[in-house]
There are 2 protein chains.
Amino acid sequence: MAKTTPDESVPVRQRGVTMKDVANHAGVSRTAVSFVLSNRENASISEETRARISDAVQELGYRPNAGARALAARRSDWYGIVTEIVTAPFAVDIIKGAQDQAWLDRRFLLIAPSDQADAVGPNDGLEDAATEKLLEQRVEGLLYAATFHRGVHVPESAKEVPTVLINCFDADGKLPSIVPDERAGGRVAVERLLQAGHTRIGVINLDPDIPAAVGRLEGAREALALAGLELDPELVVSGYATADGGYEAACRILDRYPPADRPTALFCLNDRMAMGAYDAIKERGLTIPGDIAVIGFDNQELIAAYLRPKLTTVALPFEKMGALGVQTLAALTAGQPILANQQLVGCPLLERSSV
Amino acid sequence: MAKTTPDESVPVRQRGVTMKDVANHAGVSRTAVSFVLSNRENASISEETRARISDAVQELGYRPNAGARALAARRSDWYGIVTEIVTAPFAVDIIKGAQDQAWLDRRFLLIAPSDQADAVGPNDGLEDAATEKLLEQRVEGLLYAATFHRGVHVPESAKEVPTVLINCFDADGKLPSIVPDERAGGRVAVERLLQAGHTRIGVINLDPDIPAAVGRLEGAREALALAGLELDPELVVSGYATADGGYEAACRILDRYPPADRPTALFCLNDRMAMGAYDAIKERGLTIPGDIAVIGFDNQELIAAYLRPKLTTVALPFEKMGALGVQTLAALTAGQPILANQQLVGCPLLERSSV
DNA sequence: CGCTGTTGGTAACGCGCGTTACCTGCCGGG
DNA sequence: CCCGGCAGGTAACGCGCGTTACCAACAGCG
């Protein structure tokens, strides 16, 4: 039914000016042009002809053909990134970071969506079709990025080129991965609350099984332990990772105790839940941070920066992870060793007005 | 100092299997392989050798080289999109829509960021460097996408290939563009409020000069006119396009009148301002939508879907604009005529709970 | 004068593939 | 017997470019 080729009616392309044209115009050989353009230092070209060639390039508006160059040089200067982020843009900053870094390295980042309609098989991981497409473009390395920190399954064919995982990790732990340091993030959040004098801290938890929840909670425990305190299991309530879930969880915590025993601070494991917690607190005539301090996690700008009062939260270092992913990939493709198989990236605390 | 080429130490690439390998393995000529792979119907290849070739492809794990194919066929099947969206992801759905549509068309969408550090000149428009890079890849068409509806300046070199603007337009109006129908959106918002019985409607306006404000306000006036009403200029207040701006504007409107004269509905020209308006309303002990109905614009999921009550708003059709952009580009590159130079895309009303 | 470098280039090959022109049987019809 | 036509291929060229091998002219030197 559908053709595999886009359309059969081949339109007339603008005939681009090639190196041969430049050579003719400058009265030299094509080889000389190639030498000048690739800036070969050991090649011997006189300053004079070098200038003539540069002029010809200018005058004709020559633009190199990246594809032909890649073919001849057997290196494409392309990386590929497979991601569901385009679809679920929560972590779009990963792409930004990777894109920027690749640009700095004079490389092109091909972005392939991982959840297309023609994808087959169980969508537990990142897709084969996208990987295949990227390999057809002869990318020199692959990145896989997930919207939230989790384990993924990477297609077999990815093993053909250097591969780095961002915000995710593979089950067997063979591939290098870049993930947020959830534990340190949880710790810094609770340390901030302790520093503000709060000792009775409620925790609004995510699905307890996901890496984010495990790590952040562990960090919270560490911070309390360092202060000689323990995490009261009663003060940890889980809910759906939404504003409604946060609202309900906050209600449960706030209504369970008489005002004197009530926690004076809430650590919400994501900003959406913090958003709901705000409502629960305000609804009870309490103020933030006067009566209840709130600290979030994720730094979803649209929420954290616009809540009233603005939400103090721990940021996920998406952009940095993206950049680090590309750097790691660059090291791998250059045959250099990398520091560690799993690199943890710190989650900085962003002070706003809710603590 | 910095080399123009990424790194000089060329690593050993995996030697990919080529069509020649397949041909040898199947005992036929490379031409035969090419014919089979490109599915040429007029070529005469017996079913038997056709099968032998397919088997060889499977066994060797042959993967076509997209770059070489593009070179030989003189068509790349690539489009390029230049956008600042990667950086300011508000409208990231444009990319998603374009990406999906391109994928359906079996084309690859190269995404180039338009606000890189090495960009030169006044950053009033979309960048030359990115365009140049994409043309070096021999993209067959270009898309330019902006995060918010506005006029842009497109580089000269973009004229070399078919070009379509998404969520923006060029000053001279020569290039085809896809933009949201702001006017219809404003009308549908106010119609919804009228339908709910509101006749005294406050408007929280954006910077009055931008296309979004002009169009949406005009639509609001139209809706009122159809109902035999006029827009009271006193009820239109402008503010910064933030939650704080919305809060302040809402306070001004709400506090200006005694309860009896107070508007019973607020049309906020974006969701962030609606978010602030919520606070102003709740602070005054009023309920949504009981005392004051609120309707937003933009449908920023993170806000609209998580506010309490959830915000009824008018959606910007980012994804659809992206897809339409690619479709328009496909028509252009195929030499087909396009419908109109400026295509307006409808902004659907999303009913939630704030009206 | 012959020999060796050095400077300033060029011819030619190959990267992987699409495409066109051509070639070789073989069969049927006149 | 010859000719035309068709099925089933193949040889060869070119896409735009990187790269290697080679070559001519000339200077210096013993």
# chains A, B, ... in the order shown; residues from 1 in each chain; ligands from 1
call {"tool": "residues_around", "arguments": {"residues": "DA21 of chain D", "least_positions_apart": "4", "cutoff": "12 Å", "atoms": "only C-alpha atoms (C1' of nucleotides)", "output": "PyMOL selection string"}}
result
chain C and resi 10-13
call {"tool": "residues_around", "arguments": {"residues": "DG18 of chain C", "least_positions_apart": "2", "cutoff": "12 Å", "atoms": "only C-alpha atoms (C1' of nucleotides)", "output": "NGL selection string"}}
result
(:B and (30-35 or 37-38 or 40 or 68-75)) or (:C and (16 or 20)) or (:D and (13-15))
call {"tool": "select_by_dssp", "arguments": {"residues": "segment 61-267 of chain A", "states": "alpha helix (DSSP H)", "output": "JSON, numbers by chain"}}
result
{"A": [66, 67, 68, 69, 70, 71, 72, 73, 92, 93, 94, 95, 96, 97, 98, 99, 100, 101, 102, 103, 104, 128, 129, 130, 131, 132, 133, 134, 135, 136, 182, 183, 184, 185, 186, 187, 188, 189, 190, 191, 192, 193, 194, 195, 211, 212, 213, 214, 215, 216, 217, 218, 219, 220, 221, 222, 223, 224, 225, 226, 243, 244, 245, 246, 247, 248, 249, 250, 251, 252, 253, 254, 255, 256]}
call {"tool": "interface_residues", "arguments": {"of": "chain C", "to": "chain A", "cutoff": "7 Å", "atoms": "only C-alpha atoms (C1' of nucleotides)", "output": "number ranges by chain"}}
result
C: 7-8, 10, 15
call {"tool": "write_last_selection", "arguments": {"atoms": "C-alpha atoms (C1' of nucleotides)", "output": "compact mmCIF listing (two decimals), in the first residue's frame"}}
result
# COMPACT_ATOMS: atom_id res chain seq x y z
C1' DT C 7 58.19 23.68 -2.59
C1' DG C 8 53.94 23.54 -5.00
C1' DT C 10 48.18 17.23 -9.62
C1' DC C 15 33.87 5.72 -0.10
call {"tool": "interface_residues", "arguments": {"of": "chain D", "to": "chain A", "cutoff": "12 Å", "atoms": "only C-alpha atoms (C1' of nucleotides)", "output": "MDAnalysis selection string"}}
result
chainID D and resid 15:20
call {"tool": "decode", "arguments": {"residues": "segment 14-30 of chain C", "atoms": "all heavy atoms", "output": "CSV table (one decimal), in the first residue's frame"}}
result
chain,number,residue,atom,x,y,z
C,14,DG,P,40.8,1.6,-6.2
C,14,DG,OP1,41.5,0.4,-5.9
C,14,DG,OP2,39.9,1.6,-7.4
C,14,DG,O5',39.9,2.0,-5.0
C,14,DG,C5',40.5,2.5,-3.8
C,14,DG,C4',39.4,3.2,-3.0
C,14,DG,O4',39.2,4.5,-3.5
C,14,DG,C3',38.1,2.5,-3.0
C,14,DG,O3',37.6,2.4,-1.7
C,14,DG,C2',37.2,3.4,-3.8
C,14,DG,C1',37.8,4.8,-3.5
C,14,DG,N9,37.5,5.8,-4.5
C,14,DG,C8,37.5,5.6,-5.9
C,14,DG,N7,37.2,6.7,-6.5
C,14,DG,C5,37.1,7.7,-5.5
C,14,DG,C6,36.8,9.1,-5.6
C,14,DG,O6,36.5,9.7,-6.6
C,14,DG,N1,36.7,9.6,-4.3
C,14,DG,C2,36.9,9.0,-3.1
C,14,DG,N2,36.8,9.7,-2.0
C,14,DG,N3,37.2,7.7,-3.0
C,14,DG,C4,37.3,7.1,-4.3
C,15,DC,P,36.5,1.3,-1.3
C,15,DC,OP1,37.1,0.2,-0.5
C,15,DC,OP2,35.7,1.0,-2.5
C,15,DC,O5',35.5,2.1,-0.3
C,15,DC,C5',36.0,3.0,0.7
C,15,DC,C4',35.0,4.0,1.0
C,15,DC,O4',35.1,5.1,0.1
C,15,DC,C3',33.5,3.5,0.8
C,15,DC,O3',33.0,3.0,2.0
C,15,DC,C2',32.8,4.7,0.3
C,15,DC,C1',33.9,5.7,-0.1
C,15,DC,N1,33.8,6.2,-1.5
C,15,DC,C2,33.7,7.5,-1.8
C,15,DC,O2,33.6,8.3,-0.9
C,15,DC,N3,33.7,7.9,-3.1
C,15,DC,C4,33.8,7.0,-4.1
C,15,DC,N4,33.8,7.5,-5.3
C,15,DC,C5,33.9,5.6,-3.8
C,15,DC,C6,33.9,5.3,-2.5
C,16,DG,P,32.4,1.5,2.1
C,16,DG,OP1,32.4,1.2,3.5
C,16,DG,OP2,33.2,0.7,1.1
C,16,DG,O5',31.0,1.7,1.6
C,16,DG,C5',30.1,2.5,2.3
C,16,DG,C4',28.9,2.8,1.4
C,16,DG,O4',29.3,3.6,0.3
C,16,DG,C3',28.2,1.6,0.9
C,16,DG,O3',26.8,1.7,1.2
C,16,DG,C2',28.4,1.6,-0.6
C,16,DG,C1',28.6,3.1,-0.9
C,16,DG,N9,29.4,3.5,-2.0
C,16,DG,C8,30.5,2.8,-2.5
C,16,DG,N7,31.1,3.3,-3.5
C,16,DG,C5,30.3,4.4,-3.8
C,16,DG,C6,30.4,5.4,-4.9
C,16,DG,O6,31.2,5.4,-5.8
C,16,DG,N1,29.4,6.3,-4.8
C,16,DG,C2,28.4,6.3,-3.8
C,16,DG,N2,27.5,7.3,-3.9
C,16,DG,N3,28.3,5.4,-2.8
C,16,DG,C4,29.3,4.5,-2.9
C,17,DC,P,25.7,0.7,0.7
C,17,DC,OP1,24.7,0.7,1.7
C,17,DC,OP2,26.4,-0.5,0.3
C,17,DC,O5',25.1,1.4,-0.5
C,17,DC,C5',24.4,2.6,-0.4
C,17,DC,C4',24.2,3.3,-1.7
C,17,DC,O4',25.5,3.4,-2.4
C,17,DC,C3',23.3,2.6,-2.7
C,17,DC,O3',22.0,3.2,-2.6
C,17,DC,C2',23.9,2.7,-4.0
C,17,DC,C1',25.2,3.6,-3.8
C,17,DC,N1,26.4,3.2,-4.6
C,17,DC,C2,26.7,4.0,-5.6
C,17,DC,O2,26.0,4.9,-5.9
C,17,DC,N3,27.8,3.6,-6.4
C,17,DC,C4,28.5,2.5,-6.0
C,17,DC,N4,29.6,2.2,-6.8
C,17,DC,C5,28.2,1.7,-4.9
C,17,DC,C6,27.1,2.1,-4.2
C,18,DG,P,20.8,2.7,-3.4
C,18,DG,OP1,19.6,3.0,-2.6
C,18,DG,OP2,21.1,1.3,-3.8
C,18,DG,O5',20.8,3.6,-4.7
C,18,DG,C5',20.5,4.9,-4.6
C,18,DG,C4',20.4,5.6,-5.9
C,18,DG,O4',21.7,5.5,-6.6
C,18,DG,C3',19.4,5.1,-6.9
C,18,DG,O3',18.8,6.2,-7.6
C,18,DG,C2',20.2,4.1,-7.8
C,18,DG,C1',21.5,4.8,-7.9
C,18,DG,N9,22.7,4.0,-8.0
C,18,DG,C8,23.0,2.9,-7.3
C,18,DG,N7,24.1,2.3,-7.6
C,18,DG,C5,24.6,3.1,-8.7
C,18,DG,C6,25.7,3.0,-9.4
C,18,DG,O6,26.6,2.1,-9.4
C,18,DG,N1,25.8,4.0,-10.4
C,18,DG,C2,24.9,5.0,-10.6
C,18,DG,N2,25.1,5.8,-11.6
C,18,DG,N3,23.8,5.1,-9.9
C,18,DG,C4,23.7,4.1,-8.9
C,19,DT,P,17.7,6.0,-8.7
C,19,DT,OP1,16.9,7.2,-8.7
C,19,DT,OP2,17.0,4.7,-8.4
C,19,DT,O5',18.4,5.8,-10.1
C,19,DT,C5',19.4,6.7,-10.4
C,19,DT,C4',20.0,6.4,-11.7
C,19,DT,O4',21.1,5.5,-11.5
C,19,DT,C3',19.1,5.7,-12.7
C,19,DT,O3',19.2,6.3,-14.0
C,19,DT,C2',19.6,4.3,-12.8
C,19,DT,C1',21.1,4.5,-12.5
C,19,DT,N1,21.8,3.3,-12.0
C,19,DT,C2,23.0,3.0,-12.6
C,19,DT,O2,23.5,3.6,-13.4
C,19,DT,N3,23.6,1.9,-12.0
C,19,DT,C4,23.1,1.1,-11.0
C,19,DT,O4,23.7,0.1,-10.6
C,19,DT,C5,21.8,1.4,-10.5
C,19,DT,C7,21.2,0.7,-9.4
C,19,DT,C6,21.2,2.5,-11.0
C,20,DT,P,18.0,6.1,-15.1
C,20,DT,OP1,17.1,7.3,-15.0
C,20,DT,OP2,17.4,4.8,-14.9
C,20,DT,O5',18.8,6.2,-16.4
C,20,DT,C5',20.1,6.8,-16.5
C,20,DT,C4',21.0,6.1,-17.4
C,20,DT,O4',21.7,5.0,-16.7
C,20,DT,C3',20.3,5.4,-18.6
C,20,DT,O3',21.1,5.7,-19.7
C,20,DT,C2',20.3,4.0,-18.2
C,20,DT,C1',21.6,3.9,-17.5
C,20,DT,N1,21.7,2.7,-16.6
C,20,DT,C2,22.9,2.0,-16.5
C,20,DT,O2,23.9,2.2,-17.2
C,20,DT,N3,22.9,0.9,-15.6
C,20,DT,C4,21.8,0.5,-14.9
C,20,DT,O4,21.9,-0.5,-14.1
C,20,DT,C5,20.6,1.3,-15.0
C,20,DT,C7,19.4,0.9,-14.1
C,20,DT,C6,20.6,2.3,-15.8
C,21,DA,P,20.4,5.5,-21.2
C,21,DA,OP1,20.4,6.8,-21.8
C,21,DA,OP2,19.2,4.7,-21.1
C,21,DA,O5',21.5,4.6,-21.9
C,21,DA,C5',22.9,4.9,-21.7
C,21,DA,C4',23.7,3.5,-21.8
C,21,DA,O4',23.4,2.7,-20.7
C,21,DA,C3',23.3,2.7,-23.0
C,21,DA,O3',24.4,2.4,-23.8
C,21,DA,C2',22.6,1.5,-22.5
C,21,DA,C1',23.2,1.4,-21.1
C,21,DA,N9,22.3,0.7,-20.1
C,21,DA,C8,21.0,1.0,-19.9
C,21,DA,N7,20.5,0.2,-18.9
C,21,DA,C5,21.5,-0.6,-18.6
C,21,DA,C6,21.5,-1.7,-17.7
C,21,DA,N6,20.5,-2.1,-16.9
C,21,DA,N1,22.7,-2.4,-17.6
C,21,DA,C2,23.8,-2.0,-18.4
C,21,DA,N3,23.8,-1.0,-19.3
C,21,DA,C4,22.6,-0.4,-19.3
C,22,DC,P,24.3,1.8,-25.3
C,22,DC,OP1,25.4,2.3,-26.1
C,22,DC,OP2,22.8,1.8,-25.7
C,22,DC,O5',24.6,0.2,-25.0
C,22,DC,C5',25.8,-0.1,-24.3
C,22,DC,C4',25.7,-1.5,-23.7
C,22,DC,O4',24.6,-1.5,-22.7
C,22,DC,C3',25.3,-2.6,-24.7
C,22,DC,O3',26.4,-3.5,-24.8
C,22,DC,C2',24.1,-3.2,-24.2
C,22,DC,C1',24.1,-2.9,-22.7
C,22,DC,N1,22.8,-2.9,-22.0
C,22,DC,C2,22.6,-3.8,-21.0
C,22,DC,O2,23.5,-4.6,-20.7
C,22,DC,N3,21.4,-3.9,-20.4
C,22,DC,C4,20.4,-3.0,-20.8
C,22,DC,N4,19.2,-3.1,-20.2
C,22,DC,C5,20.6,-2.1,-21.8
C,22,DC,C6,21.8,-2.0,-22.4
C,23,DC,P,26.4,-4.6,-26.1
C,23,DC,OP1,27.3,-4.0,-27.2
C,23,DC,OP2,25.1,-5.0,-26.4
C,23,DC,O5',27.2,-5.8,-25.4
C,23,DC,C5',27.4,-5.8,-24.0
C,23,DC,C4',26.8,-7.1,-23.5
C,23,DC,O4',25.5,-6.9,-22.9
C,23,DC,C3',26.5,-8.2,-24.6
C,23,DC,O3',27.2,-9.4,-24.2
C,23,DC,C2',25.0,-8.4,-24.5
C,23,DC,C1',24.7,-8.0,-23.1
C,23,DC,N1,23.3,-7.5,-22.9
C,23,DC,C2,22.5,-8.1,-22.0
C,23,DC,O2,22.9,-9.1,-21.3
C,23,DC,N3,21.2,-7.7,-21.8
C,23,DC,C4,20.7,-6.7,-22.5
C,23,DC,N4,19.5,-6.3,-22.3
C,23,DC,C5,21.5,-6.0,-23.5
C,23,DC,C6,22.8,-6.4,-23.6
C,24,DT,P,27.4,-10.6,-25.3
C,24,DT,OP1,28.9,-10.8,-25.4
C,24,DT,OP2,26.7,-10.2,-26.5
C,24,DT,O5',26.8,-11.8,-24.7
C,24,DT,C5',26.8,-12.0,-23.2
C,24,DT,C4',25.7,-12.9,-22.8
C,24,DT,O4',24.4,-12.1,-22.7
C,24,DT,C3',25.4,-14.0,-23.8
C,24,DT,O3',25.3,-15.2,-23.1
C,24,DT,C2',24.0,-13.6,-24.4
C,24,DT,C1',23.4,-12.9,-23.2
C,24,DT,N1,22.3,-12.0,-23.5
C,24,DT,C2,21.1,-12.1,-22.8
C,24,DT,O2,20.9,-12.9,-22.0
C,24,DT,N3,20.1,-11.2,-23.2
C,24,DT,C4,20.2,-10.2,-24.2
C,24,DT,O4,19.3,-9.4,-24.4
C,24,DT,C5,21.5,-10.1,-24.8
C,24,DT,C7,21.7,-9.1,-25.9
C,24,DT,C6,22.4,-11.0,-24.5
C,25,DG,P,25.6,-16.6,-23.9
C,25,DG,OP1,25.7,-17.6,-22.8
C,25,DG,OP2,26.7,-16.4,-24.9
C,25,DG,O5',24.3,-16.8,-24.7
C,25,DG,C5',23.6,-18.0,-24.7
C,25,DG,C4',22.5,-18.0,-23.7
C,25,DG,O4',22.0,-16.6,-23.6
C,25,DG,C3',21.3,-18.8,-24.1
C,25,DG,O3',20.9,-19.7,-23.0
C,25,DG,C2',20.2,-17.9,-24.4
C,25,DG,C1',20.6,-16.6,-23.7
C,25,DG,N9,20.3,-15.4,-24.6
C,25,DG,C8,21.1,-14.8,-25.5
C,25,DG,N7,20.6,-13.8,-26.1
C,25,DG,C5,19.3,-13.7,-25.5
C,25,DG,C6,18.3,-12.7,-25.7
C,25,DG,O6,18.3,-11.8,-26.5
C,25,DG,N1,17.2,-13.0,-24.9
C,25,DG,C2,17.1,-14.0,-24.0
C,25,DG,N2,16.0,-14.1,-23.3
C,25,DG,N3,18.0,-14.9,-23.8
C,25,DG,C4,19.1,-14.6,-24.5
C,26,DC,P,20.3,-21.1,-23.4
C,26,DC,OP1,20.4,-22.0,-22.2
C,26,DC,OP2,20.9,-21.6,-24.7
C,26,DC,O5',18.8,-20.8,-23.7
C,26,DC,C5',18.0,-20.1,-22.7
C,26,DC,C4',16.7,-19.6,-23.4
C,26,DC,O4',16.9,-18.4,-24.0
C,26,DC,C3',16.1,-20.6,-24.4
C,26,DC,O3',14.8,-20.9,-24.1
C,26,DC,C2',16.2,-19.9,-25.7
C,26,DC,C1',16.1,-18.4,-25.2
C,26,DC,N1,16.7,-17.4,-26.1
C,26,DC,C2,16.0,-16.2,-26.4
C,26,DC,O2,14.9,-16.1,-25.9
C,26,DC,N3,16.5,-15.3,-27.3
C,26,DC,C4,17.7,-15.5,-27.8
C,26,DC,N4,18.2,-14.6,-28.7
C,26,DC,C5,18.5,-16.7,-27.6
C,26,DC,C6,17.9,-17.6,-26.7
C,27,DC,P,14.1,-22.2,-24.7
C,27,DC,OP1,13.9,-23.2,-23.6
C,27,DC,OP2,14.8,-22.6,-25.9
C,27,DC,O5',12.7,-21.7,-25.1
C,27,DC,C5',12.1,-20.5,-24.4
C,27,DC,C4',11.3,-19.8,-25.4
C,27,DC,O4',12.1,-18.8,-26.1
C,27,DC,C3',10.6,-20.6,-26.5
C,27,DC,O3',9.2,-20.4,-26.5
C,27,DC,C2',11.2,-20.1,-27.8
C,27,DC,C1',11.7,-18.7,-27.5
C,27,DC,N1,12.8,-18.3,-28.3
C,27,DC,C2,12.8,-17.0,-28.9
C,27,DC,O2,11.8,-16.3,-28.7
C,27,DC,N3,13.9,-16.6,-29.6
C,27,DC,C4,14.9,-17.4,-29.7
C,27,DC,N4,16.0,-16.9,-30.5
C,27,DC,C5,15.0,-18.7,-29.1
C,27,DC,C6,13.9,-19.1,-28.4
C,28,DG,P,8.3,-21.4,-27.4
C,28,DG,OP1,7.2,-21.9,-26.5
C,28,DG,OP2,9.2,-22.4,-28.1
C,28,DG,O5',7.6,-20.4,-28.4
C,28,DG,C5',7.2,-19.1,-28.0
C,28,DG,C4',7.0,-18.2,-29.2
C,28,DG,O4',8.3,-17.8,-29.7
C,28,DG,C3',6.3,-18.9,-30.3
C,28,DG,O3',5.3,-18.0,-30.8
C,28,DG,C2',7.4,-19.1,-31.4
C,28,DG,C1',8.4,-18.0,-31.1
C,28,DG,N9,9.7,-18.4,-31.4
C,28,DG,C8,10.4,-19.5,-31.1
C,28,DG,N7,11.6,-19.5,-31.5
C,28,DG,C5,11.8,-18.3,-32.1
C,28,DG,C6,12.9,-17.7,-32.8
C,28,DG,O6,14.1,-18.2,-32.9
C,28,DG,N1,12.7,-16.5,-33.3
C,28,DG,C2,11.5,-15.8,-33.1
C,28,DG,N2,11.4,-14.6,-33.7
C,28,DG,N3,10.4,-16.3,-32.6
C,28,DG,C4,10.6,-17.6,-32.1
C,29,DG,P,4.3,-18.5,-31.9
C,29,DG,OP1,2.9,-18.1,-31.5
C,29,DG,OP2,4.6,-19.9,-32.3
C,29,DG,O5',4.8,-17.6,-33.2
C,29,DG,C5',4.9,-16.2,-32.9
C,29,DG,C4',5.4,-15.5,-34.2
C,29,DG,O4',6.8,-15.9,-34.4
C,29,DG,C3',4.8,-16.0,-35.5
C,29,DG,O3',4.6,-14.9,-36.4
C,29,DG,C2',5.7,-17.0,-36.1
C,29,DG,C1',7.1,-16.5,-35.6
C,29,DG,N9,8.1,-17.4,-35.5
C,29,DG,C8,8.1,-18.7,-34.9
C,29,DG,N7,9.2,-19.3,-34.9
C,29,DG,C5,10.1,-18.4,-35.5
C,29,DG,C6,11.5,-18.6,-35.8
C,29,DG,O6,12.2,-19.5,-35.5
C,29,DG,N1,12.0,-17.5,-36.5
C,29,DG,C2,11.2,-16.4,-36.8
C,29,DG,N2,11.9,-15.4,-37.4
C,29,DG,N3,9.9,-16.2,-36.5
C,29,DG,C4,9.4,-17.3,-35.9
C,30,DG,P,3.7,-15.0,-37.6
C,30,DG,OP1,2.7,-13.8,-37.6
C,30,DG,OP2,3.1,-16.4,-37.7
C,30,DG,O5',4.7,-14.8,-38.8
C,30,DG,C5',5.4,-13.6,-38.9
C,30,DG,C4',6.6,-13.8,-39.9
C,30,DG,O4',7.5,-14.8,-39.4
C,30,DG,C3',6.1,-14.3,-41.3
C,30,DG,O3',6.7,-13.5,-42.3
C,30,DG,C2',6.6,-15.7,-41.3
C,30,DG,C1',7.8,-15.7,-40.5
C,30,DG,N9,8.2,-16.9,-39.9
C,30,DG,C8,7.4,-17.8,-39.2
C,30,DG,N7,8.1,-18.9,-38.8
C,30,DG,C5,9.4,-18.7,-39.2
C,30,DG,C6,10.5,-19.5,-39.0
C,30,DG,O6,10.6,-20.6,-38.5
C,30,DG,N1,11.6,-18.9,-39.6
C,30,DG,C2,11.6,-17.7,-40.3
C,30,DG,N2,12.8,-17.3,-40.8
C,30,DG,N3,10.6,-16.9,-40.4
C,30,DG,C4,9.5,-17.5,-39.9
